[in-house]
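Student: Before we start, here is the structure in question, set down as structure tokens.
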Amino acid sequence: MSKKRSKVRFQNEVDLIKVHYKKQSRGQSLTCLDMFNGRRHLRKRSAAGILCGSLLLTVISATVLGKTTTVVYASDIEKYTNADFAMDTVVSETLYTSGEDINTQIGEKLREMETTLLSWTEENSQISQLNNADGKTMEVSDDLAADLEKIRQLSQDSNGAFDPTLGKVIRLWDIDGENPHVPDQSEIDTLLPEVGYEKIQVDGNNVTLLDGCTLDLGAVGKGMGCDLIMDYLQTQPDVFGMILNLGGSSVMTYGEKPDGSSWKVALTDPRDTEGDYLGAITLDANQFLSTSGDYEKYFIEDGIRYHHILDPKTGYPVQNGLTSVTIVCDQGYLADGLSTACFVLGMDAAKPLLEKYDAEAVFVDEGKNVYVTSGLMDKFELMKDGYIVNELLRKQSELV
């Protein structure tokens, strides 16, 4: 894995994240993820709106009423970047700290979460053990019990648009595997009775999976990983700020950059993934962003795009005119789950869900329309010609 250590330079810069997908022999898979710093990736006409001016930090040390307060010199804060692999995806980290480089520990924590908690293929993970319990009640950890309660609530609130029991149907399509194909209807019909968040029973730490259902937390796993790292960073007093990117679809910001400039995340154009960015979103400290799109994992058969975001009610890829949905909110699992749920629901039906969870969103459709909720309008910048930006009102009160 690559690692770079450097002193923080106080200059105009912007952090842009983009994920590239390259078609392999079968299906689509992630091949690389890049963190970009600098102006060369921005259109000249957009640079003034995105780039931030230099900011010099100073040290102040004073004693007032017996208490000494010290502000760290800018030169004491170092920047560490790292590329890692965890949760079956590329992990990109940029850390600002006056202490040690903890990027390695972050990767280790993500891998531990995957192998002991989330993975349905690791036989010792709690999810795998639940899936193999044949409907018997199993005691799980406090963390997993709490996570399942939140996940089940999100499923209920979305009327099943987000459903963590869809894994068997997803694997039937094998969209990101060796044999992506359109299954026989009879195969889908056989598995759908085993799908349904209502089949997850949580009573304290005791969990029961009814009627043959199994759990696959892939749609929220990266967000849960971001939540884990957020909690960890809050125990690290030397950390000034960090941006963490899991696979290009889940991003977390913590704290601030030492020069005071904003965190910037670039959004991929769903129909030109190798070209210019669609746009960029400014994130505040301690925010989470997640994107679900029909361009991430898909195959084309007889001219039809079959992607990995399935409708739990039909077992087929969602076809509602949307190409991507991006969510910004204050919890990682929620950003992840809402991006899937809102894609399945469609833009209009998703509005009450966004309002309930106080989340902001960017919807992109096949007509090259970009719909941005009111809370993000001042934080979104369009960077691609041919698209039109529209403000999306989440609730009636925003009309006033």
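Scheme for the structure tokens: letters A, B, ... for chains in order shown; per-chain residue numbers from 1; ligand numbers from 1 in order shown.
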Could you name the residues that touch region 381-389 of chain A at 8 Å or less, counting only C-alpha atoms, but leaving out those on the same chain fewer than 3 positions away, as a PyMOL selection string?

Tutor: chain A and resi 43+46+276-281+368-372+378

Student: For N, CA and C atoms, I'd like the residues from the last selection saved as a compact mmCIF listing (two decimals), in the first residue's frame.

Tutor:
```
# COMPACT_ATOMS: atom_id res chain seq x y z
N ARG A 43 -11.99 23.39 -13.78
CA ARG A 43 -12.14 24.34 -14.87
C ARG A 43 -11.71 25.72 -14.37
N SER A 46 -14.26 27.88 -12.84
CA SER A 46 -14.82 27.45 -11.56
C SER A 46 -13.85 27.63 -10.42
N ASP A 276 -14.91 14.40 -17.10
CA ASP A 276 -14.90 15.46 -16.09
C ASP A 276 -15.91 15.16 -14.99
N TYR A 277 -15.68 15.76 -13.84
CA TYR A 277 -16.62 15.63 -12.74
C TYR A 277 -17.96 16.24 -13.10
N LEU A 278 -19.01 15.64 -12.54
CA LEU A 278 -20.33 16.25 -12.65
C LEU A 278 -20.39 17.54 -11.83
N GLY A 279 -19.88 17.48 -10.62
CA GLY A 279 -19.91 18.64 -9.74
C GLY A 279 -19.14 18.36 -8.48
N ALA A 280 -19.17 19.32 -7.56
CA ALA A 280 -18.47 19.19 -6.28
C ALA A 280 -19.38 19.66 -5.17
N ILE A 281 -19.29 18.99 -4.02
CA ILE A 281 -20.06 19.34 -2.83
C ILE A 281 -19.11 19.75 -1.72
N LYS A 368 -30.33 14.28 -17.72
CA LYS A 368 -29.24 15.19 -17.34
C LYS A 368 -29.75 16.37 -16.53
N ASN A 369 -30.73 16.08 -15.68
CA ASN A 369 -31.19 17.05 -14.69
C ASN A 369 -30.56 16.71 -13.35
N VAL A 370 -30.13 17.73 -12.62
CA VAL A 370 -29.57 17.57 -11.28
C VAL A 370 -30.49 18.29 -10.31
N TYR A 371 -31.07 17.55 -9.38
CA TYR A 371 -31.99 18.12 -8.40
C TYR A 371 -31.28 18.14 -7.04
N VAL A 372 -31.14 19.34 -6.48
CA VAL A 372 -30.38 19.53 -5.25
C VAL A 372 -31.31 20.07 -4.17
N ASP A 378 -26.30 25.95 -1.85
CA ASP A 378 -25.14 26.84 -1.74
C ASP A 378 -23.83 26.07 -1.61
```

Student: Residues at most 6 Å from region 327-342 of chain A, counting only C-alpha atoms, excluding those fewer than 5 positions away in the same chain, as a short mmCIF file (atom, residue, chain, number, x, y, z; two decimals) with C-alpha atoms, in the first residue's frame?

Tutor:
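Okay, part08.cif is ready:
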```cif
data_model
loop_
_atom_site.label_atom_id
_atom_site.label_comp_id
_atom_site.auth_asym_id
_atom_site.auth_seq_id
_atom_site.Cartn_x
_atom_site.Cartn_y
_atom_site.Cartn_z
CA ALA A 161 -37.15 0.37 -0.20
CA PHE A 162 -34.00 -0.30 1.80
CA VAL A 220 -24.75 0.14 4.74
CA GLY A 223 -21.22 3.84 6.12
CA MET A 224 -20.96 1.78 9.30
CA CYS A 226 -17.20 5.54 8.54
CA ASP A 227 -19.18 5.71 11.79
CA GLN A 287 -20.38 14.97 7.90
CA PHE A 288 -21.00 11.86 5.86
CA LEU A 289 -21.68 11.51 2.14
CA SER A 290 -22.81 8.44 0.23
CA THR A 291 -23.69 7.89 -3.42
CA SER A 292 -25.66 5.09 -5.06
CA ALA A 350 -38.08 10.03 -1.18
CA ALA A 359 -30.79 14.64 5.22
CA GLU A 360 -29.81 16.54 2.09
CA ALA A 361 -29.61 14.99 -1.37
#
```

Student: Point out the residue among A:Asp143, A:Glu93, A:Asp284, A:Glu301 with the least atom-to-atom distance to Leu244 (chain A), counting only C-alpha atoms.

Tutor: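 Closest candidate: A:Glu93.
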
Student: What does the distance from CA of Pro183 (chain A) to CA of Asp311 (chain A) come to in Å, to one decimal?

Tutor: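 These atoms are spaced 14.6 Å apart.
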
Student: Taking only C-alpha atoms into account, name the residue in A:Thr190, A:Asp76, A:Glu149, A:Phe343 that is nearest to Glu100 (chain A).

Tutor: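 So, comparing all the options, the nearest one is A:Asp76.
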
Student: Neighbours of Asp174 (chain A) within 12 Å (only C-alpha atoms; same-chain residues fewer than 6 positions away dropped), as JSON, numbers by chain?

Tutor: {"A": [26, 27, 28, 167, 168, 180, 181, 182, 183, 297, 298, 299, 306, 307, 308]}

Student: What's around Val207 (chain A) at 8 Å? Count only C-alpha atoms, leave out sequence neighbours fewer than 3 positions away in its own chain, and write the answer as a list in words.

Tutor: Leu130, Thr137, Met138, Glu139, Val140, Ala145, Ile200, Gln201, Val202, Asp203 and Gly204 of chain A

Student: For each of A:Glu274, A:Asp189, A:Asp238, A:Glu108, take the minimum atom-to-atom distance to Phe85 (chain A), counting only C-alpha atoms, then give the residue where this is smallest.

Tutor: A:Glu108
